[in-house]
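Student: There's a structure below that I have some questions on.
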Amino acid sequence: DCKREGRALSLGLGAGTLANFIHDKLPQFHVDVIEIDPAIVAASRKFLGTPGEDDKRFHLFLGDATTVFSIVDPNVKYDIIVHDVYIPG
């Protein structure tokens, strides 16, 4: 049912395409994003329309996605989990 409230978690922001899509197309969803690189966050907000800090349905956390449960509430259940992480090397 696409009308019910839900939560999405994105491990990594990338270009913000998936997180922005969920935010825009599922207005009843809350979106949590964990991104390690502040430059990615700044570029995504400036050039790609990623919601800002004042958006109550979009929460962006700076941190390492490998420590996800030290960043987000481990008791929260997510309906959608996506990842867009880059591993150099």
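For the structure tokens, the naming scheme is as follows: chains receive sequential letters (A, B, ...) according to their order of presentation, residues are indexed from 1 within each chain, and ligands are indexed from 1 in presentation order.
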List as a count of residues only the protein and nucleic acid residues near stretch 55-63 of chain A, meaning an atom at most 12 Å away when only C-alpha atoms are counted, but skip any in the same chain fewer than 6 places from it.

Tutor: 41

Student: State, in Å with one decimal place, the distance from atom CA of A:Arg4 to atom CA of A:His83.

Tutor: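 Here the two named atoms are 22.8 Å from each other.
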
Student: Could you check how far atom CA of A:Asp84 sits from atom CA of A:Lys3, in Å to one decimal?

Tutor: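 According to the coordinates, atom CA of A:Asp84 and atom CA of A:Lys3 are separated by 25.9 Å.
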
Student: Using DSSP on the backbone coordinates, identify all residues within chain A classified as alpha helix (DSSP H); present the result as a VMD selection string.

Tutor: chain A and resid 17 to 25 38 to 47 68 to 71

Student: Any idea what the distance is between atom CA of A:Thr17 and atom CA of A:Thr67?

Tutor: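 Distance between the two atoms: 22.7 Å.
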
Student: Determine which residues of stretch 8-89 of chain A DSSP labels as strand (DSSP E or B) from the backbone of this structure, then write them out as number ranges by chain.

Tutor: A: 8-11, 29-35, 58-62, 80-83

Student: Write out, as a CSV table (one decimal), in the first residue's frame, the residues just selected, with N, CA and C atoms.

Tutor:
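As written to disk, again04.csv reads:
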```csv
chain,number,residue,atom,x,y,z
A,8,ALA,N,12.6,5.1,5.0
A,8,ALA,CA,13.6,4.6,4.1
A,8,ALA,C,15.0,5.0,4.6
A,9,LEU,N,16.0,4.2,4.4
A,9,LEU,CA,17.3,4.4,4.8
A,9,LEU,C,18.2,4.3,3.6
A,10,SER,N,19.1,5.3,3.4
A,10,SER,CA,20.0,5.2,2.3
A,10,SER,C,21.4,5.2,2.9
A,11,LEU,N,22.2,4.2,2.7
A,11,LEU,CA,23.6,4.1,3.1
A,11,LEU,C,24.4,4.7,2.0
A,29,PHE,N,6.6,9.1,3.4
A,29,PHE,CA,7.8,8.4,3.9
A,29,PHE,C,8.8,9.4,4.5
A,30,HIS,N,9.5,9.0,5.5
A,30,HIS,CA,10.6,9.7,6.1
A,30,HIS,C,11.9,9.1,5.6
A,31,VAL,N,12.8,9.9,5.2
A,31,VAL,CA,14.1,9.4,4.6
A,31,VAL,C,15.3,9.7,5.5
A,32,ASP,N,16.0,8.7,5.9
A,32,ASP,CA,17.3,8.9,6.6
A,32,ASP,C,18.4,8.5,5.7
A,33,VAL,N,19.4,9.4,5.6
A,33,VAL,CA,20.6,9.1,4.8
A,33,VAL,C,21.9,9.2,5.6
A,34,ILE,N,22.8,8.3,5.4
A,34,ILE,CA,24.1,8.4,6.1
A,34,ILE,C,25.1,8.6,5.0
A,35,GLU,N,25.9,9.7,5.0
A,35,GLU,CA,26.9,10.0,4.1
A,35,GLU,C,28.2,10.4,4.8
A,58,PHE,N,13.3,14.5,5.9
A,58,PHE,CA,14.6,14.1,5.3
A,58,PHE,C,15.7,14.4,6.3
A,59,HIS,N,16.3,13.4,6.8
A,59,HIS,CA,17.4,13.5,7.8
A,59,HIS,C,18.7,13.0,7.2
A,60,LEU,N,19.7,13.9,7.1
A,60,LEU,CA,21.0,13.5,6.6
A,60,LEU,C,22.0,13.5,7.7
A,61,PHE,N,22.6,12.3,7.9
A,61,PHE,CA,23.6,12.2,9.0
A,61,PHE,C,25.0,12.1,8.4
A,62,LEU,N,25.9,12.8,8.9
A,62,LEU,CA,27.3,12.7,8.4
A,62,LEU,C,28.0,11.6,9.2
A,80,ILE,N,12.3,0.5,3.4
A,80,ILE,CA,13.2,0.5,2.2
A,80,ILE,C,14.6,0.8,2.7
A,81,ILE,N,15.6,0.0,2.3
A,81,ILE,CA,17.0,0.2,2.5
A,81,ILE,C,17.7,0.1,1.2
A,82,VAL,N,18.5,1.2,0.9
A,82,VAL,CA,19.3,1.2,-0.4
A,82,VAL,C,20.7,1.6,0.0
A,83,HIS,N,21.6,1.4,-0.9
A,83,HIS,CA,23.0,1.8,-0.7
A,83,HIS,C,23.6,2.4,-1.9
```
